[in-house]
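Printed here is final-v1.cif (mmCIF, C-alpha atoms and all ligand atoms):
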```cif
data_structure
loop_
_atom_site.label_atom_id
_atom_site.label_comp_id
_atom_site.auth_asym_id
_atom_site.auth_seq_id
_atom_site.Cartn_x
_atom_site.Cartn_y
_atom_site.Cartn_z
CA MET O 1 -37.49 -15.90 18.72
CA VAL O 2 -34.45 -13.64 19.17
CA ALA O 3 -33.00 -13.72 22.71
CA PRO O 4 -33.18 -10.47 24.71
CA PRO O 5 -30.10 -8.29 24.28
CA ARG O 6 -27.11 -8.61 26.61
CA SER O 7 -25.02 -5.93 24.93
CA ALA O 8 -25.24 -2.16 24.80
CA TYR O 9 -23.66 0.47 22.57
CA LEU O 10 -23.45 4.13 23.67
CA HIS O 11 -22.68 6.74 21.03
CA ILE O 12 -20.55 9.73 22.06
CA PRO O 13 -20.70 11.95 18.97
CA PHE O 14 -18.08 14.60 19.77
CA CYS O 15 -14.76 15.05 17.97
CA HIS O 16 -12.28 17.91 17.75
CA LYS O 17 -12.81 18.06 13.99
CA ARG O 18 -14.05 15.85 11.20
CA CYS O 19 -11.41 13.59 9.62
CA PHE O 20 -11.35 13.80 5.83
CA TYR O 21 -12.76 10.31 5.25
CA CYS O 22 -15.40 10.28 7.98
CA ASP O 23 -19.16 10.43 7.49
CA PHE O 24 -20.14 9.23 10.98
CA SER O 25 -22.79 10.96 13.02
CA ILE O 26 -20.56 13.41 14.91
CA ILE O 27 -20.41 16.98 16.22
CA PRO O 28 -17.02 18.70 15.68
CA LEU O 29 -16.23 20.88 18.71
CA GLY O 30 -12.92 22.45 17.67
CA ASP O 31 -9.66 22.53 19.57
CA SER O 32 -11.13 23.86 22.79
CA ALA O 33 -13.56 20.96 23.15
CA GLN O 34 -12.30 20.14 26.66
CA ALA O 35 -11.58 23.68 27.92
CA PRO O 36 -13.61 24.54 31.06
CA GLY O 37 -16.49 26.90 30.28
CA SER O 38 -16.14 26.46 26.48
CA PRO O 39 -19.18 25.96 24.22
CA GLY O 40 -17.89 22.44 23.65
CA VAL O 41 -18.36 21.59 27.32
CA SER O 42 -21.95 22.89 27.31
CA SER O 43 -22.72 20.83 24.19
CA ILE O 44 -21.34 17.74 25.90
CA ASN O 45 -23.38 18.38 29.05
CA ALA O 46 -26.59 18.92 27.07
CA TYR O 47 -26.02 15.74 25.06
CA LEU O 48 -25.24 13.63 28.11
CA GLU O 49 -28.54 14.68 29.62
CA LEU O 50 -30.34 13.34 26.53
CA LEU O 51 -28.34 10.12 26.62
CA HIS O 52 -29.21 9.55 30.28
CA ARG O 53 -32.86 10.18 29.48
CA GLU O 54 -32.81 7.60 26.70
CA ILE O 55 -31.25 4.96 28.96
CA SER O 56 -33.83 5.72 31.64
CA ILE O 57 -36.83 5.10 29.40
CA ALA O 58 -35.50 1.88 27.83
CA PRO O 59 -37.28 -1.29 28.90
CA ARG O 60 -35.50 -3.50 31.41
CA GLY O 61 -33.66 -6.60 30.23
CA PRO O 62 -31.11 -9.20 31.33
CA ALA O 63 -27.76 -8.18 32.78
CA LEU O 64 -25.31 -6.97 30.14
CA SER O 65 -22.25 -8.97 29.17
CA THR O 66 -20.72 -6.39 26.80
CA ILE O 67 -20.83 -2.59 26.83
CA TYR O 68 -19.18 -0.43 24.16
CA LEU O 69 -18.67 3.33 24.23
CA GLY O 70 -17.98 4.41 20.67
CA GLY O 71 -18.05 7.56 18.66
CA GLY O 72 -17.06 10.09 17.81
CA THR O 73 -14.48 10.38 20.52
CA PRO O 74 -15.58 9.02 23.91
CA SER O 75 -12.23 10.09 25.40
CA LEU O 76 -13.44 13.70 25.18
CA LEU O 77 -15.55 12.78 28.23
CA LYS O 78 -14.22 13.07 31.76
CA LYS O 79 -13.89 10.07 34.00
CA ASN O 80 -16.97 10.98 36.07
CA GLU O 81 -19.09 11.52 32.94
CA VAL O 82 -18.24 8.03 31.68
CA GLY O 83 -18.73 6.67 35.21
CA ASP O 84 -22.23 8.19 35.44
CA LEU O 85 -23.24 6.62 32.14
CA LEU O 86 -22.02 3.21 33.30
CA LYS O 87 -23.86 3.63 36.62
CA ASN O 88 -27.09 4.46 34.78
CA LEU O 89 -26.73 1.41 32.53
CA GLN O 90 -25.87 -0.81 35.46
CA GLY O 91 -28.85 0.44 37.43
CA LYS O 92 -31.13 -0.32 34.50
CA PHE O 93 -29.83 -3.73 33.42
CA GLY O 94 -27.06 -4.83 35.80
CA PHE O 95 -23.72 -6.09 34.49
CA GLN O 96 -22.77 -9.76 34.36
CA ASP O 97 -19.64 -10.76 36.25
CA GLY O 98 -16.67 -10.23 33.94
CA ALA O 99 -18.61 -8.04 31.51
CA GLU O 100 -16.42 -6.66 28.71
CA ILE O 101 -16.55 -2.85 28.89
CA THR O 102 -14.81 -1.18 25.94
CA MET O 103 -14.16 2.48 25.32
CA GLU O 104 -12.82 4.02 22.11
CA VAL O 105 -10.00 6.49 22.74
CA ASP O 106 -8.29 8.95 20.41
CA PRO O 107 -4.55 9.62 20.89
CA ALA O 108 -5.11 13.41 20.71
CA THR O 109 -7.43 13.50 23.71
CA PHE O 110 -5.93 11.76 26.72
CA PHE O 111 -2.90 11.21 28.94
CA GLU O 112 -1.88 8.20 30.98
CA ASN O 113 -3.71 9.54 34.03
CA ASP O 114 -6.97 9.73 32.12
CA LEU O 115 -6.66 6.06 31.24
CA ASN O 116 -6.15 5.20 34.90
CA GLY O 117 -9.29 7.17 35.71
CA TYR O 118 -11.36 5.31 33.12
CA VAL O 119 -10.08 2.01 34.46
CA GLU O 120 -11.11 3.03 38.00
CA ILE O 121 -14.72 3.47 36.95
CA GLY O 122 -14.88 0.09 35.21
CA ILE O 123 -13.47 0.27 31.66
CA ASN O 124 -11.52 -2.94 31.05
CA ARG O 125 -10.83 -2.78 27.31
CA PHE O 126 -9.75 0.15 25.12
CA SER O 127 -9.83 0.57 21.38
CA LEU O 128 -7.29 3.12 20.18
CA GLY O 129 -7.99 5.01 16.96
CA GLY O 130 -4.39 5.22 15.76
CA GLN O 131 -5.18 4.80 12.02
CA ALA O 132 -1.55 5.27 10.85
CA PHE O 133 1.99 5.69 12.20
CA ASP O 134 3.24 8.10 9.61
CA ASP O 135 3.00 11.85 10.39
CA LYS O 136 2.50 12.83 6.76
CA THR O 137 -0.32 10.31 6.32
CA LEU O 138 -1.99 11.34 9.58
CA SER O 139 -2.07 14.94 8.49
CA LEU O 140 -3.20 13.99 4.96
CA ILE O 141 -6.26 12.20 6.34
CA GLY O 142 -7.15 15.02 8.72
CA ARG O 143 -6.33 13.41 12.07
CA LYS O 144 -5.45 15.70 14.94
CA HIS O 145 -2.80 13.44 16.48
CA ASN O 146 0.70 12.61 15.35
CA ARG O 147 2.90 9.53 15.30
CA SER O 148 4.50 10.06 18.69
CA GLN O 149 1.08 10.39 20.33
CA VAL O 150 0.05 7.04 18.83
CA ILE O 151 3.20 5.35 20.06
CA GLU O 152 2.94 6.88 23.52
CA ALA O 153 -0.73 5.91 23.86
CA CYS O 154 0.09 2.34 22.79
CA SER O 155 2.78 2.08 25.45
CA TRP O 156 0.41 3.32 28.20
CA LEU O 157 -2.23 0.80 27.12
CA ASN O 158 0.27 -2.01 26.91
CA ASN O 159 1.56 -1.19 30.39
CA LEU O 160 -1.92 -1.49 31.83
CA PHE O 161 -2.47 -4.71 29.92
CA LYS O 162 0.80 -6.28 31.07
CA LYS O 163 0.01 -5.44 34.67
CA GLY O 164 -3.26 -7.36 34.26
CA ILE O 165 -5.31 -4.20 34.81
CA LEU O 166 -6.83 -4.33 31.32
CA ARG O 167 -8.30 -7.53 29.90
CA SER O 168 -7.35 -6.47 26.36
CA TRP O 169 -6.85 -3.56 24.01
CA SER O 170 -7.06 -2.93 20.33
CA LEU O 171 -5.43 -0.68 17.77
CA ASP O 172 -7.23 0.56 14.63
CA LEU O 173 -5.37 1.06 11.35
CA ILE O 174 -6.74 2.09 7.96
CA GLN O 175 -5.58 0.19 4.92
CA ASN O 176 -5.28 1.65 1.40
CA LEU O 177 -4.97 5.28 2.46
CA PRO O 178 -3.75 7.88 -0.09
CA GLY O 179 -0.09 7.34 -0.90
CA SER O 180 -0.15 3.80 0.45
CA ASN O 181 1.76 1.01 -1.28
CA LEU O 182 2.72 -2.49 -0.30
CA SER O 183 6.12 -1.64 1.11
CA ASN O 184 5.08 1.32 3.29
CA TRP O 185 1.98 -0.58 4.44
CA ILE O 186 4.00 -3.56 5.65
CA LYS O 187 6.12 -1.11 7.69
CA GLU O 188 2.88 0.19 9.26
CA LEU O 189 1.88 -3.37 10.15
CA GLU O 190 5.30 -4.10 11.62
CA GLN O 191 4.92 -1.10 13.90
CA ALA O 192 1.42 -2.21 14.86
CA VAL O 193 2.72 -5.62 15.86
CA ASP O 194 5.60 -3.97 17.77
CA THR O 195 3.08 -2.16 19.99
CA GLU O 196 2.06 -5.64 21.27
CA ALA O 197 -1.64 -4.84 20.82
CA PRO O 198 -3.44 -8.19 21.19
CA HIS O 199 -6.22 -7.06 18.83
CA LEU O 200 -5.98 -5.14 15.56
CA SER O 201 -8.85 -3.69 13.57
CA ILE O 202 -7.78 -3.16 9.97
CA TYR O 203 -10.35 -1.14 8.08
CA ASP O 204 -10.31 -0.60 4.35
CA LEU O 205 -10.62 3.05 3.43
CA THR O 206 -14.13 3.63 2.08
CA ILE O 207 -14.77 6.77 0.09
CA GLU O 208 -18.04 8.33 1.22
CA PRO O 209 -19.50 10.96 -1.13
CA ASP O 210 -20.15 13.69 1.48
CA THR O 211 -16.61 13.88 2.81
CA VAL O 212 -13.49 15.81 1.88
CA PHE O 213 -12.09 12.62 0.36
CA GLY O 214 -15.34 12.01 -1.52
CA ARG O 215 -15.04 15.41 -3.17
CA ILE O 216 -11.35 15.02 -4.04
CA HIS O 217 -11.98 11.52 -5.37
CA LYS O 218 -14.77 12.81 -7.62
CA LYS O 219 -12.24 15.11 -9.26
CA GLY O 220 -9.96 12.09 -9.75
CA LYS O 221 -7.30 13.56 -7.48
CA LEU O 222 -7.17 11.08 -4.60
CA ASN O 223 -4.08 8.95 -4.92
CA ILE O 224 -5.38 5.68 -3.46
CA PRO O 225 -4.27 2.17 -4.50
CA ILE O 226 -6.22 0.79 -7.48
CA GLU O 227 -8.36 -2.29 -6.87
CA PHE O 228 -5.70 -4.81 -7.87
CA GLU O 229 -3.10 -3.19 -5.57
CA ALA O 230 -5.64 -2.93 -2.76
CA GLN O 231 -6.32 -6.66 -2.99
CA LYS O 232 -2.61 -7.39 -2.93
CA ILE O 233 -2.26 -5.22 0.17
CA ASP O 234 -5.13 -7.03 1.88
CA PHE O 235 -3.62 -10.40 0.94
CA GLN O 236 -0.28 -9.42 2.46
CA THR O 237 -1.96 -8.01 5.60
CA ASN O 238 -3.58 -11.35 6.12
CA ARG O 239 -0.38 -13.29 5.50
CA PHE O 240 1.77 -11.02 7.64
CA LEU O 241 -0.57 -10.92 10.64
CA LYS O 242 -1.13 -14.67 10.56
CA SER O 243 2.63 -15.17 10.58
CA LYS O 244 2.65 -13.12 13.82
CA GLY O 245 0.05 -15.35 15.49
CA PHE O 246 -3.07 -13.30 14.75
CA SER O 247 -6.25 -14.89 13.53
CA ARG O 248 -8.84 -13.14 11.39
CA TYR O 249 -12.12 -13.79 13.18
CA GLU O 250 -14.11 -11.24 11.20
CA ILE O 251 -13.42 -9.38 7.94
CA SER O 252 -11.78 -6.36 9.64
CA SER O 253 -10.70 -7.91 12.95
CA TYR O 254 -7.53 -9.79 13.86
CA SER O 255 -6.77 -11.07 17.33
CA LEU O 256 -4.25 -13.08 19.26
CA PRO O 257 -5.79 -16.17 20.95
CA GLY O 258 -8.38 -15.17 23.55
CA HIS O 259 -8.60 -11.52 22.46
CA ALA O 260 -11.48 -11.48 19.96
CA SER O 261 -13.86 -8.71 20.99
CA ARG O 262 -16.99 -10.22 22.52
CA HIS O 263 -18.94 -7.09 21.65
CA ASN O 264 -17.89 -7.26 17.97
CA ARG O 265 -19.03 -10.83 17.78
CA VAL O 266 -22.48 -9.86 19.00
CA TYR O 267 -22.95 -7.61 15.96
CA TRP O 268 -22.06 -10.36 13.53
CA SER O 269 -23.86 -13.18 15.31
CA GLY O 270 -27.39 -11.91 14.72
CA ALA O 271 -27.98 -11.50 18.50
CA GLY O 272 -29.66 -8.27 19.56
CA TRP O 273 -28.11 -5.25 21.25
CA TRP O 274 -29.25 -2.02 22.81
CA GLY O 275 -28.07 1.19 21.20
CA PHE O 276 -28.26 4.63 22.80
CA GLY O 277 -27.46 8.07 21.45
CA MET O 278 -27.61 10.25 18.38
CA GLY O 279 -27.17 8.20 15.19
CA ALA O 280 -26.80 4.96 17.17
CA THR O 281 -28.17 1.75 15.69
CA SER O 282 -29.87 -0.76 17.94
CA ALA O 283 -31.44 -4.14 17.31
CA PRO O 284 -32.96 -4.97 20.70
CA TRP O 285 -35.16 -7.76 19.39
CA GLY O 286 -33.26 -8.47 16.21
CA GLU O 287 -34.75 -5.68 14.14
CA ARG O 288 -32.38 -2.81 13.38
CA PHE O 289 -33.31 0.75 14.11
CA SER O 290 -31.14 3.84 13.55
CA ARG O 291 -31.67 7.02 15.53
CA PRO O 292 -31.59 10.47 13.84
CA ARG O 293 -28.08 11.63 12.96
CA THR O 294 -28.41 15.25 14.11
CA ILE O 295 -28.74 16.54 17.65
CA ALA O 296 -32.02 18.34 16.85
CA GLY O 297 -33.45 15.22 15.22
CA TYR O 298 -32.33 13.02 18.12
CA LYS O 299 -33.85 15.37 20.69
CA LYS O 300 -37.17 15.46 18.85
CA TRP O 301 -37.19 11.67 18.50
CA LEU O 302 -36.43 11.25 22.19
CA ASN O 303 -39.29 13.60 23.16
CA GLN O 304 -41.64 11.53 21.02
CA GLN O 305 -40.43 8.28 22.55
CA GLU O 306 -41.01 9.61 26.03
CA SER O 307 -44.49 10.75 25.20
CA ILE O 308 -45.56 7.47 23.60
CA PHE O 309 -43.84 5.44 26.31
CA LEU O 310 -40.93 3.62 24.73
CA GLU O 311 -41.24 0.64 27.04
CA LYS O 312 -44.50 -0.35 25.41
CA THR O 313 -43.24 0.24 21.89
CA LEU O 314 -40.08 -1.79 22.22
CA SER O 315 -41.81 -4.60 24.12
CA ASN O 316 -44.11 -5.02 21.14
CA GLU O 317 -41.05 -5.65 19.00
CA LYS O 318 -40.37 -8.92 20.80
CA SER O 319 -42.36 -10.76 18.19
CA ARG O 320 -40.36 -9.36 15.27
CA GLN O 321 -37.16 -10.79 13.94
CA MET O 322 -34.22 -9.73 11.83
CA PRO O 323 -34.96 -10.74 8.20
CA LEU O 324 -33.09 -13.76 6.90
CA ASP O 325 -31.12 -11.85 4.24
CA GLU O 326 -29.74 -9.56 6.95
CA LEU O 327 -28.85 -12.51 9.17
CA ILE O 328 -26.94 -14.10 6.29
CA MET O 329 -25.22 -10.81 5.48
CA ILE O 330 -23.91 -10.25 8.98
CA GLY O 331 -23.18 -13.93 9.65
CA LEU O 332 -20.98 -14.27 6.58
CA ARG O 333 -18.58 -11.66 7.93
CA ARG O 334 -17.49 -14.09 10.62
CA ARG O 335 -14.82 -16.72 10.16
CA GLU O 336 -17.31 -19.47 11.04
CA GLY O 337 -19.89 -18.23 8.50
CA VAL O 338 -23.53 -19.34 8.62
CA HIS O 339 -25.47 -22.60 8.67
CA LEU O 340 -28.13 -21.66 6.14
CA GLU O 341 -30.77 -24.24 6.97
CA GLU O 342 -30.54 -23.65 10.73
CA LEU O 343 -30.78 -19.91 10.17
CA ALA O 344 -33.76 -20.24 7.82
CA LYS O 345 -35.61 -22.57 10.22
CA ASN O 346 -34.99 -20.15 13.10
CA ALA O 347 -36.51 -17.48 10.88
CA GLY O 348 -39.63 -19.65 10.56
CA TRP O 349 -39.08 -21.42 7.24
CA THR O 350 -40.52 -24.93 6.76
CA GLN O 351 -38.37 -27.82 5.52
CA LYS O 352 -40.09 -27.55 2.14
CA GLU O 353 -39.22 -23.84 1.85
CA CYS O 354 -35.63 -24.56 2.86
CA ASP O 355 -35.28 -27.33 0.27
CA LYS O 356 -36.67 -25.18 -2.50
CA ASN O 357 -35.18 -21.77 -1.72
CA LEU O 358 -31.76 -22.72 -0.42
CA LYS O 359 -31.10 -24.87 -3.49
CA LEU O 360 -31.85 -21.77 -5.53
CA LEU O 361 -29.33 -19.74 -3.51
CA ASP O 362 -26.68 -22.30 -4.45
CA LYS O 363 -27.37 -21.41 -8.09
CA PHE O 364 -26.85 -17.70 -7.41
CA TRP O 365 -23.62 -18.55 -5.64
CA LEU O 366 -22.49 -21.11 -8.24
CA ASN O 367 -19.48 -19.15 -9.52
CA SER O 368 -18.31 -18.14 -6.04
CA LEU O 369 -18.54 -21.77 -4.90
CA LYS O 370 -16.73 -22.98 -8.01
CA GLU O 371 -13.85 -20.54 -7.72
CA GLY O 372 -13.55 -21.19 -3.97
CA SER O 373 -14.24 -17.68 -2.68
CA LEU O 374 -17.27 -19.15 -0.90
CA LEU O 375 -16.85 -22.49 0.84
CA ARG O 376 -19.51 -25.01 1.87
CA ASN O 377 -19.18 -27.68 4.52
CA ASN O 378 -22.11 -29.67 5.93
CA GLY O 379 -24.64 -26.92 5.28
CA ARG O 380 -22.33 -24.20 6.65
CA TYR O 381 -21.22 -21.48 4.21
CA PHE O 382 -18.22 -19.28 4.84
CA LEU O 383 -15.96 -16.89 2.99
CA SER O 384 -12.50 -18.17 2.12
CA ASP O 385 -9.70 -16.15 3.65
CA PRO O 386 -8.39 -13.93 2.11
CA ARG O 387 -10.04 -14.25 -1.35
CA GLY O 388 -13.69 -14.53 -0.22
CA MET O 389 -13.27 -11.84 2.43
CA GLN O 390 -11.80 -9.48 -0.18
CA ILE O 391 -14.75 -9.86 -2.53
CA SER O 392 -17.43 -10.30 0.13
CA ASN O 393 -19.55 -7.55 -1.45
CA GLN O 394 -19.94 -9.47 -4.70
CA ILE O 395 -21.00 -12.59 -2.79
CA LEU O 396 -23.52 -10.57 -0.77
CA ILE O 397 -24.93 -8.96 -3.92
CA GLN O 398 -25.58 -12.44 -5.34
CA MET O 399 -27.38 -13.32 -2.09
CA PHE O 400 -29.53 -10.16 -2.22
CA LEU O 401 -30.46 -10.94 -5.85
CA TRP O 402 -31.58 -14.38 -4.68
CA TRP O 403 -33.56 -12.82 -1.81
CA ASP O 404 -35.34 -10.43 -4.17
CA SER O 405 -36.16 -13.26 -6.56
CA LEU O 406 -38.03 -15.26 -3.88
CA ASP O 407 -41.75 -15.43 -3.94
CA ARG O 408 -42.35 -14.85 -0.23
CA ASP O 409 -44.58 -12.87 2.06
CA GLN O 410 -42.03 -12.05 4.81
S1 LIG I 501 -12.09 10.91 15.18
FE1 LIG I 501 -13.25 9.17 14.33
S2 LIG I 501 -15.39 9.74 14.52
FE2 LIG I 501 -14.20 11.61 14.81
S3 LIG I 501 -14.12 12.53 12.79
FE3 LIG I 501 -12.28 11.29 12.97
S4 LIG I 501 -12.88 9.27 12.13
FE4 LIG I 501 -14.76 10.43 12.49
#
```
Render the structure in this file as structure tokens.
Amino acid sequence: MVAPPRSAYLHIPFCHKRCFYCDFSIIPLGDSAQAPGSPGVSSINAYLELLHREISIAPRGPALSTIYLGGGTPSLLKKNEVGDLLKNLQGKFGFQDGAEITMEVDPATFFENDLNGYVEIGINRFSLGGQAFDDKTLSLIGRKHNRSQVIEACSWLNNLFKKGILRSWSLDLIQNLPGSNLSNWIKELEQAVDTEAPHLSIYDLTIEPDTVFGRIHKKGKLNIPIEFEAQKIDFQTNRFLKSKGFSRYEISSYSLPGHASRHNRVYWSGAGWWGFGMGATSAPWGERFSRPRTIAGYKKWLNQQESIFLEKTLSNEKSRQMPLDELIMIGLRRREGVHLEELAKNAGWTQKECDKNLKLLDKFWLNSLKEGSLLRNNGRYFLSDPRGMQISNQILIQMFLWWDSLDRDQ
């Protein structure tokens, strides 16, 4: 049985404009998103009402140990708007002492005073969407902010951290952007380390078809590093950050000791979490569910949930569980990997099923095990770092082929 969730994700879908690589569930509000009386402000108010309604009809559960406000751009909200959401969540579930409360912030949307305000209402960890330090690159990928805004935001966050007001903070960078090569990327990493951020999220650029980049790429005009170069860049990222004391605790996440994100780890551990908001994914009892990605769809869904009484529906999900293939997929992202037999038994497999089926998985993974991209130690399987982490998709495809080949009624 999956334990009840102790984590919650709130989706704040507003952005000034859509970045060229982004296919998230967002609503672009334009430059005047925060101007009093603007249409952007009314959209935010209307959405927050829906979000509060969704929190109110969720079933009760244990006190939360991690809360994450992501987006979109949560820093388009005012301090009291974020505070009201936290109060609603706290009233519903309660917060454990020392709960990690993270908010994503975008350098184009806040000043130092805003950060102080968010801290006052309980935010104790920030994740800054810097993405790059180079002005030309930032404009090429459609970000609204520039280099000096990233650097300034980092210094405000670091000040709060050094004073002990923040428990941690993180900086996001995107690897393998157009025009990127090994030498300019290492300069980006050097600047990231210079900010003294104790946590770095390094995402690989993914080209999604329905984006500006997707369309340019289809015409063969996006100048991104070819696969071999991209792997070299990832290899050097890993080497460089480790030489600076960072450890890679998940494929895209590097932290100094004690600064791994507790909320991140929930996603990859197979534990459940609440999710609230348009496009948000939740897995309250282990089974994933994604909400509609448009505001009209979300509103309609919410009306339906209210009328059929969500509490009853979700309570019935207590008996369901995340399927084993999904548990393996998310578990393998973590440095510590997965103990296959333990996982299978938790999912209800008998010893006989484990003996038969897991041996078969070893056959599907034979090449990966032989070449050392996948490692095995006392029943625990984990990706080697960096090689296995770089080709994790191939290893997962082999696992899904195994899963589809099983004769099972699950
Ligand atoms: S700020 Fe983030 S969520 Fe918004 S469009 Fe850009 S990448 Fe997407």
Discussion item. I want to know what sits within 7 Å of segment 87-96 of chain O, based on all atoms listed in the file, with residues of the same chain fewer than 4 positions away left out; could you give that as a count of residues only?
Written reply: 8
Item to complete: List all protein, DNA and RNA residues that have any atom at most 7 Å from ligand LIG 501 (chain I), counting only C-alpha atoms and all ligand atoms, and write the list as a ChimeraX atom specification.
Response: /O:14-15,17-19,21-24,26,71-73,106,143
Fill in: From O:Phe235, O:Trp268, O:Phe289, O:Trp156, residue lying nearest Leu327 of chain O [all atoms listed in the file]
O:Trp268
Practice prompt. Could you check how far atom CA of Tyr249 of chain O sits from atom CA of Ile224 of chain O, in Å to one decimal?
Written response: 26.5 Å
Practice prompt. Grab the atom CA of Phe126 of chain O to atom CA of Trp169 of chain O distance for me, in Å with one decimal place.
Written response: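 Separating atom CA of Phe126 of chain O from atom CA of Trp169 of chain O is a distance of 4.8 Å.
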Discussion item. When you count all atoms listed in the file, which of these residues is closest to Ser168 of chain O: O:Asn303, O:Gln191, O:Asn116, O:Ser261?
Written reply: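 Using all atoms listed in the file, the shortest distance to Ser168 of chain O belongs to O:Ser261.
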Worksheet item: Separation of atom CA of Glu229 of chain O and atom CA of Asn181 of chain O, in Å?
Response: 7.7 Å
Fill in: Contacts of Asn124 of chain O within 8 Å, only C-alpha atoms, excl. fewer than 4 positions in-chain, as a PyMOL selection string
chain O and resi 100-102+119+165-168
Worksheet item: Of the residues O:Ser139, O:Leu157, O:Met278, O:Leu374, which is the one nearest to Ala296 of chain O, using all atoms listed in the file?
Response: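 Answer, going by the shortest atom-to-atom distance: O:Met278.
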Worksheet entry | Residue nearest Ser247 of chain O among O:His263, O:Leu50, O:Gln175, O:Arg334 (counting all atoms listed in the file) | O:Arg334
Practice prompt. With all atoms listed in the file counted, which protein, DNA or RNA residues have an atom no more than 12 Å from (-25.6, -3.0, 23.8) in the file frame? Please answer as a PyMOL selection string.
Written response: chain O and resi 4-11+55+58+61-70+86+89-90+93+95+99-102+262-267+271-277+280-285
Response to the item:
Of O:Ser42, O:Leu76, O:Gly279, O:Tyr254, the one sitting nearest Tyr298 of chain O when using all atoms listed in the file is O:Gly279
Practice prompt. Between O:Ile251, O:Ala260, O:Leu361, O:Leu48, single out the one closest to Met389 of chain O, counting only C-alpha atoms.
Written response: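 Closest residue, counting only C-alpha atoms: O:Ile251.
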So that each row is one residue of segment 278-371 of chain O with an atom at most 12 Å from segment 391-394 of chain O, can you give its shortest atom pair and the distance in Å to one decimal, using only C-alpha atoms, rows by chain and rising number, as JSON lines?
```
{"residue": "O:Ile328", "atom": "CA", "partner": "O:Ser392", "partner_atom": "CA", "distance": 12.0}
{"residue": "O:Met329", "atom": "CA", "partner": "O:Ser392", "partner_atom": "CA", "distance": 9.5}
{"residue": "O:Ile330", "atom": "CA", "partner": "O:Ser392", "partner_atom": "CA", "distance": 11.0}
{"residue": "O:Gly331", "atom": "CA", "partner": "O:Ser392", "partner_atom": "CA", "distance": 11.7}
{"residue": "O:Leu332", "atom": "CA", "partner": "O:Ser392", "partner_atom": "CA", "distance": 8.4}
{"residue": "O:Arg333", "atom": "CA", "partner": "O:Ser392", "partner_atom": "CA", "distance": 8.0}
{"residue": "O:Arg334", "atom": "CA", "partner": "O:Ser392", "partner_atom": "CA", "distance": 11.2}
{"residue": "O:Gly337", "atom": "CA", "partner": "O:Ser392", "partner_atom": "CA", "distance": 11.8}
{"residue": "O:Phe364", "atom": "CA", "partner": "O:Gln394", "partner_atom": "CA", "distance": 11.1}
{"residue": "O:Trp365", "atom": "CA", "partner": "O:Gln394", "partner_atom": "CA", "distance": 9.8}
{"residue": "O:Asn367", "atom": "CA", "partner": "O:Gln394", "partner_atom": "CA", "distance": 10.8}
{"residue": "O:Ser368", "atom": "CA", "partner": "O:Gln394", "partner_atom": "CA", "distance": 8.9}
{"residue": "O:Glu371", "atom": "CA", "partner": "O:Ile391", "partner_atom": "CA", "distance": 11.9}
```
Worksheet item: What lies within 7 Å of Asp135 of chain O using all atoms listed in the file, ignoring chain neighbours under 2 positions off, as a list in words?
Response: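 Skipping anything fewer than 2 positions along the chain leaves Phe133, Thr137, Leu138, Ser139, Asn146 and Arg147 of chain O.
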